[in-house]
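Dumped structure.pdb below, it's PDB, C-alpha atoms:
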```
ATOM      1  CA  MET A 971       2.975   9.672 -29.655
ATOM      2  CA  ARG A 972       3.872  12.643 -31.815
ATOM      3  CA  THR A 973       4.927  16.012 -30.424
ATOM      4  CA  GLY A 974       1.937  18.327 -30.224
ATOM      5  CA  GLU A 975      -0.540  15.456 -30.237
ATOM      6  CA  ARG A 976      -3.380  15.430 -27.713
ATOM      7  CA  CYS A 977      -3.380  12.852 -24.925
ATOM      8  CA  LEU A 978      -6.290  12.138 -22.598
ATOM      9  CA  ILE A 979      -5.628  11.230 -18.976
ATOM     10  CA  THR A 980      -8.647   9.925 -17.115
ATOM     11  CA  GLY A 981      -8.229  10.599 -13.414
ATOM     12  CA  GLY A 982      -5.701  13.266 -14.352
ATOM     13  CA  ALA A 983      -6.109  15.196 -11.110
ATOM     14  CA  GLY A 984      -5.003  12.215  -9.051
ATOM     15  CA  PHE A 985      -1.550  11.350  -7.794
ATOM     16  CA  ILE A 986      -0.402   9.316 -10.788
ATOM     17  CA  GLY A 987      -2.482  11.106 -13.415
ATOM     18  CA  SER A 988      -1.259  14.575 -12.475
ATOM     19  CA  SER A 989       2.354  13.395 -12.384
ATOM     20  CA  LEU A 990       1.886  11.991 -15.879
ATOM     21  CA  ALA A 991       0.279  15.248 -17.041
ATOM     22  CA  HIS A 992       3.300  17.291 -15.950
ATOM     23  CA  THR A 993       5.691  14.994 -17.808
ATOM     24  CA  LEU A 994       3.610  14.934 -21.000
ATOM     25  CA  LEU A 995       3.536  18.739 -21.071
ATOM     26  CA  GLU A 996       7.307  18.815 -20.627
ATOM     27  CA  ARG A 997       7.541  16.558 -23.680
ATOM     28  CA  GLY A 998       5.496  18.899 -25.837
ATOM     29  CA  MET A 999       2.180  17.064 -25.785
ATOM     30  CA  LYS A1000      -1.283  18.577 -25.499
ATOM     31  CA  VAL A1001      -3.026  17.286 -22.381
ATOM     32  CA  ARG A1002      -6.729  16.827 -21.700
ATOM     33  CA  ILE A1003      -7.857  15.590 -18.308
ATOM     34  CA  LEU A1004     -11.119  13.890 -17.386
ATOM     35  CA  ASP A1005     -11.780  13.874 -13.650
ATOM     36  CA  ASN A1006     -14.777  14.180 -11.352
ATOM     37  CA  PHE A1007     -12.518  15.377  -8.488
ATOM     38  CA  SER A1008     -13.968  12.880  -6.041
ATOM     39  CA  THR A1009     -10.466  11.732  -5.119
ATOM     40  CA  GLY A1010      -8.351  13.850  -7.477
ATOM     41  CA  ARG A1011      -7.194  17.251  -6.227
ATOM     42  CA  ARG A1012      -7.207  20.543  -8.119
ATOM     43  CA  GLU A1013      -4.022  21.465  -6.241
ATOM     44  CA  ASN A1014      -2.194  18.778  -8.218
ATOM     45  CA  LEU A1015      -2.883  20.748 -11.413
ATOM     46  CA  ALA A1016      -2.626  24.303 -10.103
ATOM     47  CA  ASP A1017       0.749  25.050 -11.701
ATOM     48  CA  ILE A1018      -0.297  23.736 -15.140
ATOM     49  CA  ALA A1019      -3.989  24.663 -15.157
ATOM     50  CA  GLY A1020      -3.456  27.237 -17.912
ATOM     51  CA  ASP A1021      -1.699  24.717 -20.139
ATOM     52  CA  ILE A1022      -4.188  21.839 -20.049
ATOM     53  CA  GLU A1023      -7.810  21.185 -20.899
ATOM     54  CA  ILE A1024      -9.988  19.904 -18.063
ATOM     55  CA  VAL A1025     -13.214  18.019 -18.631
ATOM     56  CA  GLU A1026     -14.980  17.717 -15.305
ATOM     57  CA  GLY A1027     -17.046  14.556 -15.378
ATOM     58  CA  ASP A1028     -17.380  10.911 -14.433
ATOM     59  CA  ILE A1029     -16.163   7.865 -16.348
ATOM     60  CA  ARG A1030     -19.424   6.162 -15.418
ATOM     61  CA  SER A1031     -21.125   8.459 -17.976
ATOM     62  CA  SER A1032     -20.767   7.101 -21.505
ATOM     63  CA  GLU A1033     -21.629  10.485 -23.013
ATOM     64  CA  THR A1034     -19.001  12.274 -20.931
ATOM     65  CA  VAL A1035     -16.331   9.738 -21.810
ATOM     66  CA  HIS A1036     -17.084   9.927 -25.545
ATOM     67  CA  HIS A1037     -16.760  13.708 -25.365
ATOM     68  CA  ALA A1038     -13.426  13.492 -23.537
ATOM     69  CA  VAL A1039     -11.946  10.824 -25.816
ATOM     70  CA  ALA A1040     -12.736  12.692 -29.065
ATOM     71  CA  ASP A1041      -9.586  13.638 -31.042
ATOM     72  CA  ALA A1042      -7.238  12.159 -28.420
ATOM     73  CA  PRO A1043      -5.269   9.363 -30.109
ATOM     74  CA  THR A1044      -3.563   8.260 -26.879
ATOM     75  CA  ILE A1045      -5.542   7.539 -23.731
ATOM     76  CA  PHE A1046      -3.977   6.972 -20.320
ATOM     77  CA  HIS A1047      -6.771   5.450 -18.238
ATOM     78  CA  GLU A1048      -5.821   6.172 -14.631
ATOM     79  CA  ALA A1049      -9.266   6.952 -13.179
ATOM     80  CA  ALA A1050     -10.424   4.591 -10.435
ATOM     81  CA  LEU A1051     -11.573   4.264  -6.872
ATOM     82  CA  PRO A1052      -8.197   3.006  -5.660
ATOM     83  CA  SER A1053      -8.788   1.612  -2.194
ATOM     84  CA  VAL A1054      -9.095  -2.041  -1.191
ATOM     85  CA  THR A1055     -10.708  -0.975   2.093
ATOM     86  CA  ARG A1056     -13.249   1.227   0.321
ATOM     87  CA  SER A1057     -14.117  -1.607  -2.060
ATOM     88  CA  VAL A1058     -14.852  -3.937   0.838
ATOM     89  CA  ALA A1059     -17.184  -1.328   2.323
ATOM     90  CA  ASP A1060     -18.852  -0.419  -0.991
ATOM     91  CA  PRO A1061     -18.216  -3.018  -3.703
ATOM     92  CA  MET A1062     -20.911  -1.733  -6.071
ATOM     93  CA  THR A1063     -19.464   1.764  -6.450
ATOM     94  CA  THR A1064     -16.002   0.287  -6.925
ATOM     95  CA  HIS A1065     -17.352  -2.015  -9.644
ATOM     96  CA  GLU A1066     -19.276   0.747 -11.407
ATOM     97  CA  THR A1067     -16.255   3.058 -11.438
ATOM     98  CA  ASN A1068     -13.419   0.641 -12.101
ATOM     99  CA  ALA A1069     -15.070  -2.022 -14.263
ATOM    100  CA  THR A1070     -18.015  -0.332 -15.982
ATOM    101  CA  GLY A1071     -16.052   2.921 -16.198
ATOM    102  CA  THR A1072     -13.228   1.108 -17.989
ATOM    103  CA  LEU A1073     -15.710  -0.471 -20.393
ATOM    104  CA  ASN A1074     -17.019   3.029 -21.177
ATOM    105  CA  VAL A1075     -13.476   4.174 -21.931
ATOM    106  CA  MET A1076     -12.823   1.210 -24.209
ATOM    107  CA  ILE A1077     -16.072   1.649 -26.150
ATOM    108  CA  ALA A1078     -15.344   5.345 -26.634
ATOM    109  CA  ALA A1079     -11.777   4.576 -27.724
ATOM    110  CA  ARG A1080     -13.091   2.075 -30.281
ATOM    111  CA  ASP A1081     -15.801   4.424 -31.554
ATOM    112  CA  THR A1082     -13.457   7.406 -31.980
ATOM    113  CA  GLY A1083     -10.580   5.502 -33.546
ATOM    114  CA  ALA A1084      -8.095   5.948 -30.730
ATOM    115  CA  GLU A1085      -4.595   4.664 -31.435
ATOM    116  CA  ARG A1086      -3.616   3.497 -27.943
ATOM    117  CA  VAL A1087      -5.085   2.847 -24.491
ATOM    118  CA  VAL A1088      -2.738   2.419 -21.525
ATOM    119  CA  PHE A1089      -4.525   1.142 -18.428
ATOM    120  CA  ALA A1090      -3.603   1.423 -14.754
ATOM    121  CA  SER A1091      -4.144  -2.003 -13.226
ATOM    122  CA  SER A1092      -2.999  -3.269  -9.838
ATOM    123  CA  SER A1093      -0.783  -5.825  -8.159
ATOM    124  CA  SER A1094      -3.791  -6.678  -5.971
ATOM    125  CA  ILE A1095      -5.095  -9.012  -8.664
ATOM    126  CA  TYR A1096      -2.488 -11.605  -7.599
ATOM    127  CA  GLY A1097      -3.945 -11.894  -4.100
ATOM    128  CA  ASP A1098      -1.931 -14.036  -1.727
ATOM    129  CA  ALA A1099       0.265 -15.697  -4.308
ATOM    130  CA  GLU A1100       1.648 -19.188  -3.749
ATOM    131  CA  ARG A1101       5.131 -18.047  -4.740
ATOM    132  CA  LEU A1102       7.150 -14.846  -5.019
ATOM    133  CA  PRO A1103       8.074 -12.970  -7.073
ATOM    134  CA  VAL A1104       4.808 -12.955  -8.995
ATOM    135  CA  ASP A1105       4.882 -12.880 -12.767
ATOM    136  CA  GLU A1106       2.258 -12.349 -15.437
ATOM    137  CA  THR A1107       1.924 -16.068 -16.224
ATOM    138  CA  MET A1108       0.477 -16.763 -12.777
ATOM    139  CA  ALA A1109      -3.283 -17.153 -12.377
ATOM    140  CA  PRO A1110      -4.900 -14.152 -10.650
ATOM    141  CA  ARG A1111      -6.291 -14.795  -7.165
ATOM    142  CA  PRO A1112      -8.068 -11.541  -6.225
ATOM    143  CA  ILE A1113      -9.352 -11.338  -2.661
ATOM    144  CA  SER A1114     -10.996  -7.899  -2.680
ATOM    145  CA  PRO A1115     -13.700  -6.281  -4.845
ATOM    146  CA  TYR A1116     -11.107  -3.696  -5.877
ATOM    147  CA  ALA A1117      -8.819  -6.405  -7.223
ATOM    148  CA  VAL A1118     -11.694  -8.028  -9.107
ATOM    149  CA  SER A1119     -12.621  -4.692 -10.685
ATOM    150  CA  LYS A1120      -9.066  -4.152 -11.908
ATOM    151  CA  LEU A1121      -8.918  -7.668 -13.311
ATOM    152  CA  ALA A1122     -12.141  -6.956 -15.184
ATOM    153  CA  GLY A1123     -10.515  -3.852 -16.646
ATOM    154  CA  GLU A1124      -7.560  -5.903 -17.879
ATOM    155  CA  GLY A1125     -10.012  -8.299 -19.489
ATOM    156  CA  PHE A1126     -11.748  -5.496 -21.354
ATOM    157  CA  LEU A1127      -8.437  -4.229 -22.727
ATOM    158  CA  ALA A1128      -7.437  -7.669 -23.970
ATOM    159  CA  ALA A1129     -10.897  -8.236 -25.452
ATOM    160  CA  PHE A1130     -10.947  -4.919 -27.320
ATOM    161  CA  HIS A1131      -7.456  -5.554 -28.645
ATOM    162  CA  ASN A1132      -8.410  -9.009 -29.895
ATOM    163  CA  SER A1133     -11.935  -8.164 -31.079
ATOM    164  CA  TYR A1134     -11.404  -4.719 -32.612
ATOM    165  CA  GLY A1135      -7.658  -4.407 -33.125
ATOM    166  CA  LEU A1136      -7.396  -1.558 -30.618
ATOM    167  CA  PRO A1137      -3.776  -1.254 -29.410
ATOM    168  CA  THR A1138      -3.711  -1.632 -25.625
ATOM    169  CA  VAL A1139      -1.235  -2.114 -22.787
ATOM    170  CA  ALA A1140      -2.177  -2.758 -19.154
ATOM    171  CA  LEU A1141       0.245  -1.994 -16.320
ATOM    172  CA  ARG A1142      -0.023  -3.677 -12.933
ATOM    173  CA  TYR A1143       1.280  -1.088 -10.476
ATOM    174  CA  PHE A1144       2.953  -2.203  -7.254
ATOM    175  CA  ASN A1145       2.633   0.206  -4.279
ATOM    176  CA  VAL A1146       3.284   3.485  -6.056
ATOM    177  CA  PHE A1147       4.546   6.367  -3.904
ATOM    178  CA  GLY A1148       6.112   9.798  -4.219
ATOM    179  CA  PRO A1149       5.367  13.526  -4.497
ATOM    180  CA  ARG A1150       1.713  14.609  -4.908
ATOM    181  CA  GLN A1151       0.395  11.565  -3.030
ATOM    182  CA  ASP A1152      -2.272  12.730  -0.580
ATOM    183  CA  PRO A1153      -1.653  11.722   3.063
ATOM    184  CA  ALA A1154      -4.921  13.173   4.357
ATOM    185  CA  SER A1155      -7.453  10.809   2.813
ATOM    186  CA  GLU A1156      -9.093   8.143   4.947
ATOM    187  CA  TYR A1157      -7.849   5.708   2.305
ATOM    188  CA  ALA A1158      -4.376   7.190   1.859
ATOM    189  CA  ALA A1159      -1.499   4.897   0.963
ATOM    190  CA  VAL A1160       0.946   3.857   3.638
ATOM    191  CA  VAL A1161       3.991   5.889   2.537
ATOM    192  CA  PRO A1162       2.509   9.409   2.776
ATOM    193  CA  LYS A1163       0.630   8.459   5.943
ATOM    194  CA  PHE A1164       3.837   7.288   7.620
ATOM    195  CA  VAL A1165       5.774  10.347   6.427
ATOM    196  CA  GLN A1166       3.132  12.782   7.631
ATOM    197  CA  ALA A1167       2.837  11.101  11.031
ATOM    198  CA  THR A1168       6.616  11.104  11.477
ATOM    199  CA  LEU A1169       6.937  14.759  10.470
ATOM    200  CA  GLN A1170       4.242  15.603  13.022
ATOM    201  CA  GLY A1171       5.867  13.512  15.763
ATOM    202  CA  LYS A1172       2.897  11.167  15.915
ATOM    203  CA  PRO A1173       2.882   7.343  15.959
ATOM    204  CA  SER A1174       2.210   5.543  12.674
ATOM    205  CA  THR A1175      -0.410   2.813  12.583
ATOM    206  CA  ILE A1176       0.598  -0.541  11.114
ATOM    207  CA  PHE A1177      -2.083  -3.077  10.271
ATOM    208  CA  GLY A1178      -0.679  -6.537  10.969
ATOM    209  CA  ASP A1179       2.795  -7.306  12.291
ATOM    210  CA  GLY A1180       4.592  -5.044   9.805
ATOM    211  CA  ASN A1181       6.515  -7.900   8.240
ATOM    212  CA  GLN A1182       4.302  -7.975   5.169
ATOM    213  CA  LEU A1183       6.387  -7.390   2.043
ATOM    214  CA  ARG A1184       5.672  -4.594  -0.454
ATOM    215  CA  ASP A1185       7.334  -3.788  -3.781
ATOM    216  CA  PHE A1186       7.359   0.000  -3.428
ATOM    217  CA  THR A1187       7.581   1.813  -6.775
ATOM    218  CA  PHE A1188       8.524   5.466  -7.197
ATOM    219  CA  ILE A1189       6.126   7.649  -9.151
ATOM    220  CA  GLY A1190       8.772   8.731 -11.663
ATOM    221  CA  ASP A1191       9.316   5.118 -12.687
ATOM    222  CA  VAL A1192       5.566   4.587 -13.082
ATOM    223  CA  VAL A1193       5.244   7.673 -15.298
ATOM    224  CA  ARG A1194       8.108   6.446 -17.458
ATOM    225  CA  ALA A1195       6.471   3.018 -17.741
ATOM    226  CA  ASN A1196       3.320   4.702 -19.065
ATOM    227  CA  LEU A1197       5.304   6.569 -21.697
ATOM    228  CA  LEU A1198       7.052   3.383 -22.748
ATOM    229  CA  ALA A1199       3.706   1.583 -22.969
ATOM    230  CA  ALA A1200       2.308   4.386 -25.139
ATOM    231  CA  GLU A1201       5.133   3.864 -27.634
ATOM    232  CA  ALA A1202       5.402   0.066 -27.511
ATOM    233  CA  GLU A1203       4.639  -2.005 -30.576
ATOM    234  CA  GLY A1204       4.663  -5.637 -31.665
ATOM    235  CA  ASP A1205       4.083  -8.335 -29.088
ATOM    236  CA  ALA A1206       3.729  -5.782 -26.256
ATOM    237  CA  LEU A1207       0.239  -4.897 -27.469
ATOM    238  CA  GLY A1208      -2.762  -6.555 -25.881
ATOM    239  CA  ARG A1209      -0.684  -7.621 -22.883
ATOM    240  CA  THR A1210      -0.362  -6.838 -19.187
ATOM    241  CA  PHE A1211       2.920  -6.064 -17.418
ATOM    242  CA  ASN A1212       4.111  -5.759 -13.828
ATOM    243  CA  ILE A1213       5.496  -2.314 -13.021
ATOM    244  CA  ALA A1214       7.425  -2.364  -9.753
ATOM    245  CA  GLY A1215      10.511  -1.131  -7.980
ATOM    246  CA  GLY A1216      12.097  -4.564  -7.952
ATOM    247  CA  ASP A1217      13.471  -4.109  -4.431
ATOM    248  CA  PRO A1218      10.771  -5.142  -1.935
ATOM    249  CA  HIS A1219      10.774  -4.052   1.705
ATOM    250  CA  THR A1220       8.614  -4.826   4.702
ATOM    251  CA  VAL A1221       6.271  -2.212   6.123
ATOM    252  CA  ASN A1222       8.458  -2.124   9.237
ATOM    253  CA  GLU A1223      11.500  -1.399   7.067
ATOM    254  CA  LEU A1224       9.604   1.393   5.336
ATOM    255  CA  LEU A1225       8.838   3.099   8.631
ATOM    256  CA  ALA A1226      12.416   2.643   9.843
ATOM    257  CA  THR A1227      13.727   4.281   6.648
ATOM    258  CA  ILE A1228      11.389   7.245   7.098
ATOM    259  CA  ARG A1229      12.371   7.676  10.746
ATOM    260  CA  GLU A1230      16.052   7.592   9.796
ATOM    261  CA  GLN A1231      15.535  10.433   7.313
ATOM    262  CA  VAL A1232      13.337  12.690   9.472
ATOM    263  CA  PRO A1233      15.208  14.604  12.212
ATOM    264  CA  GLY A1234      14.132  14.163  15.822
ATOM    265  CA  ASP A1235      12.443  11.375  17.701
ATOM    266  CA  SER A1236       9.099   9.872  16.761
ATOM    267  CA  PRO A1237       6.906   7.511  18.792
ATOM    268  CA  GLU A1238       6.928   3.791  18.224
ATOM    269  CA  PRO A1239       4.216   2.555  15.838
ATOM    270  CA  ILE A1240       0.814   1.295  16.904
ATOM    271  CA  TYR A1241       0.022  -2.213  15.638
ATOM    272  CA  LYS A1242      -3.549  -3.175  14.808
ATOM    273  CA  ASP A1243      -5.251  -6.231  13.315
ATOM    274  CA  PRO A1244      -4.778  -6.750   9.556
ATOM    275  CA  ARG A1245      -7.453  -5.177   7.358
ATOM    276  CA  VAL A1246      -9.887  -7.280   5.355
ATOM    277  CA  GLY A1247      -8.761  -7.620   1.736
ATOM    278  CA  ASP A1248      -5.090  -6.783   2.319
ATOM    279  CA  ILE A1249      -2.625  -9.288   0.907
ATOM    280  CA  ARG A1250       0.253 -10.592   3.004
ATOM    281  CA  SER A1251       3.211 -10.029   0.700
ATOM    282  CA  SER A1252       3.840  -8.553  -2.716
ATOM    283  CA  HIS A1253       6.975  -8.851  -4.828
ATOM    284  CA  ALA A1254       7.026  -8.552  -8.624
ATOM    285  CA  SER A1255       9.062 -10.025 -11.399
ATOM    286  CA  ILE A1256       9.563  -7.227 -13.941
ATOM    287  CA  ASP A1257      11.352  -9.381 -16.526
ATOM    288  CA  ALA A1258       8.477  -9.149 -19.024
ATOM    289  CA  ALA A1259       8.336  -5.349 -18.807
ATOM    290  CA  LYS A1260      12.101  -5.179 -19.255
ATOM    291  CA  ALA A1261      11.939  -7.347 -22.368
ATOM    292  CA  ALA A1262       8.857  -5.874 -24.054
ATOM    293  CA  LEU A1263       8.858  -2.252 -22.838
ATOM    294  CA  SER A1264      12.520  -1.666 -21.958
ATOM    295  CA  TYR A1265      11.307  -0.746 -18.479
ATOM    296  CA  ALA A1266      13.661  -0.701 -15.512
ATOM    297  CA  PRO A1267      13.303   1.298 -12.288
ATOM    298  CA  GLU A1268      15.718   4.228 -11.997
ATOM    299  CA  VAL A1269      14.947   5.554  -8.501
ATOM    300  CA  SER A1270      16.002   3.539  -5.465
ATOM    301  CA  PHE A1271      13.724   2.960  -2.499
ATOM    302  CA  ALA A1272      15.738   5.259  -0.219
ATOM    303  CA  GLU A1273      15.915   7.998  -2.872
ATOM    304  CA  GLY A1274      12.172   7.791  -3.411
ATOM    305  CA  VAL A1275      11.463   8.021   0.309
ATOM    306  CA  ALA A1276      13.733  11.076   0.554
ATOM    307  CA  ALA A1277      11.950  12.783  -2.350
ATOM    308  CA  THR A1278       8.576  12.058  -0.752
ATOM    309  CA  ILE A1279       9.675  13.485   2.591
ATOM    310  CA  THR A1280      11.013  16.611   0.876
ATOM    311  CA  TRP A1281       7.754  17.168  -1.008
ATOM    312  CA  LEU A1282       5.473  16.557   1.969
ATOM    313  CA  THR A1283       7.614  18.838   4.124
ATOM    314  CA  ALA A1284       7.343  21.624   1.565
ATOM    315  CA  ASN A1285       3.622  21.100   1.049
ATOM    316  CA  ALA A1286       2.508  20.523   4.630
ATOM    317  CA  SER A1287      -0.870  22.135   5.270
TER     318      SER A1287
END
```
Let's see the structure in the file written out as structure tokens.
Amino acid sequence: MRTGERCLITGGAGFIGSSLAHTLLERGMKVRILDNFSTGRRENLADIAGDIEIVEGDIRSSETVHHAVADAPTIFHEAALPSVTRSVADPMTTHETNATGTLNVMIAARDTGAERVVFASSSSIYGDAERLPVDETMAPRPISPYAVSKLAGEGFLAAFHNSYGLPTVALRYFNVFGPRQDPASEYAAVVPKFVQATLQGKPSTIFGDGNQLRDFTFIGDVVRANLLAAEAEGDALGRTFNIAGGDPHTVNELLATIREQVPGDSPEPIYKDPRVGDIRSSHASIDAAKAALSYAPEVSFAEGVAATITWLTANAS
């Protein structure tokens, strides 16, 4: 990427997309965002709204995507319906958004001569892996429609790289958390939900026994991984990489860390049956990303939790 060059972020009003937008602006890039605001929030862009271009539309529309991709050499494709639970309830909409929407982005990138597509994939594609940590050589075993849709997206990136020479990099995110993550959604991720409940003195709900392992990854590290992927060359292109914190913790440990950092007493958690589609444990090898992208996490789990608590405290509604 060259200073002053335009970048497109699909899903740029979301948690990860808006965080990426802020960093790109700080680095002197022009930023265009494509978002239909179904899950993205305008509040995430309020402080930079005058400095970015917003195209309000849906990645399921080929015409809209072609319009958004025009004259944007670098595309960060973050747009998705991101919930396993939602995909189980409505697999068709998840497929249309995550799989067909990604195909629309790739066709538009090919047709407009884009120079790079970086794609947000998911650790969910591994399913319940036979061994941990998981690495990119292992066969995917998706167990939810969401995971299948993300795997399809990875396939489209590899196919367009091999068939048309389009430079691509796919990043498999592992349990991203941090500032700007919405705790209010029905499908909110576990970290902001736990933080909000603890701040409010309410019990957190844990699905399963809480001993399931998660490789929590701070948002700042994920943004940096995207920037590294946008600049990578050589054998990094056309490939998929795990992006994780590298220091997995159980869900019970997560809640204990939050409760340690929030003053006062909070109720004990409520345990419920595991949700359909959730994997038991997740732990990533990030050796490939270290070698090919020079990626390494810089924010510890405890530091990331503290930053999340600080942000949610300041932005409590």
Could you expand the PyMOL selection byres ((chain A and resi 1015) around 10) into the explicit residues it covers here, written as a ChimeraX atom specification?
-> /A:982-984,987-989,991-992,1003,1010-1014,1016-1022,1024
Mind listing whatever residues come within 7 Å of the point (3.0, -7.9, 1.6)? Use all atoms listed in the file, file coordinates, and give them as a list in words.
->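 Residues lying no farther than 7 Å from the given point: Gln1182, Leu1183, Arg1184, Ile1249, Arg1250, Ser1251 and Ser1252 of chain A.
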Which residue, A:Arg997, A:Arg1142, A:Arg1002, A:His1047, has the smallest gap to A:Thr980 when you use all atoms listed in the file?
-> A:His1047
Of the listed residues A:Asp1191, A:Glu1268, A:Glu1066, A:Asp1205, that which approaches A:Tyr1143 most closely, counting only C-alpha atoms =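 Nearest candidate to A:Tyr1143 out of A:Asp1191, A:Glu1268, A:Glu1066, A:Asp1205: A:Asp1191.
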Using all atoms listed in the file, determine which residues lie at most 12 Å from A:Thr1220, disregarding the query and same-chain residues fewer than 2 positions distant; provide the list as an MDAnalysis selection string.
-> chainID A and resid 1145 1160:1161 1176 1178:1186 1217:1218 1222:1227 1250:1253 1271
Name the residues that the PyMOL selection byres ((chain A and resi 1128) around 9) pulls out of this structure, and write them as a ChimeraX atom specification.
-> /A:1123-1127,1129-1133,1138-1140,1207-1210
Gap from atom CA of A:Val1192 to atom CA of A:Val1058 - Å, one decimal | 26.1 Å
Considering all atoms listed in the file, state which residue in the set A:Pro1115, A:Gly1171, A:Gly1215, A:Gly981 is at the smallest distance from A:Ala1059.
->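 Looking at the shortest contact to A:Ala1059, the residue is A:Pro1115.
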Written as a ChimeraX atom specification, which residues does the PyMOL selection byres ((chain A and resi 1097) around 9) give for the file shown?
-> /A:1093-1096,1098-1099,1110-1114,1117,1247-1252
Give me, please, the distance in Å between atom CA of A:Phe985 and atom CA of A:Asn1196, quoted to one decimal.
->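 Taking atom CA of A:Phe985 as the start and atom CA of A:Asn1196 as the end point, the length is 14.0 Å.
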Pick out the residues sitting within 8 Å of A:Ile986, and hand them over as a VMD selection string; count all atoms listed in the file, and ignore anything fewer than 5 positions along from it in its own chain.
-> chain A and resid 1048 1189 1192 to 1193
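Going from atom CA of A:Ala1286 to atom CA of A:Gln1166 covers 8.3 Å.
Using only C-alpha atoms, the shortest contact distance between A:Ser1255 and any of A:Val1146, A:Ala1159, A:Val1275, A:Leu1102 is found at A:Leu1102.
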All residues 10 Å or closer to stretch 1261-1264 of chain A, only C-alpha atoms, same chain fewer than 4 positions away omitted, as number ranges by chain | A: 1195-1207, 1209, 1211, 1256-1257
All file atoms of stretch 1091-1095 of chain A boxed axis-aligned, 8 Å per side, centre plus edges, as lines of an AutoDock Vina configuration file:
```
center_x = -2.9
center_y = -5.5
center_z = -9.6
size_x = 20.3
size_y = 23.0
size_z = 23.3
```
Between A:Ala1050, A:Val1104, A:Ser1032, A:Leu1121, which has the minimum distance to A:Asp1081 (counting all atoms listed in the file)?
->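 For A:Asp1081, the nearest of the given residues is A:Ser1032.
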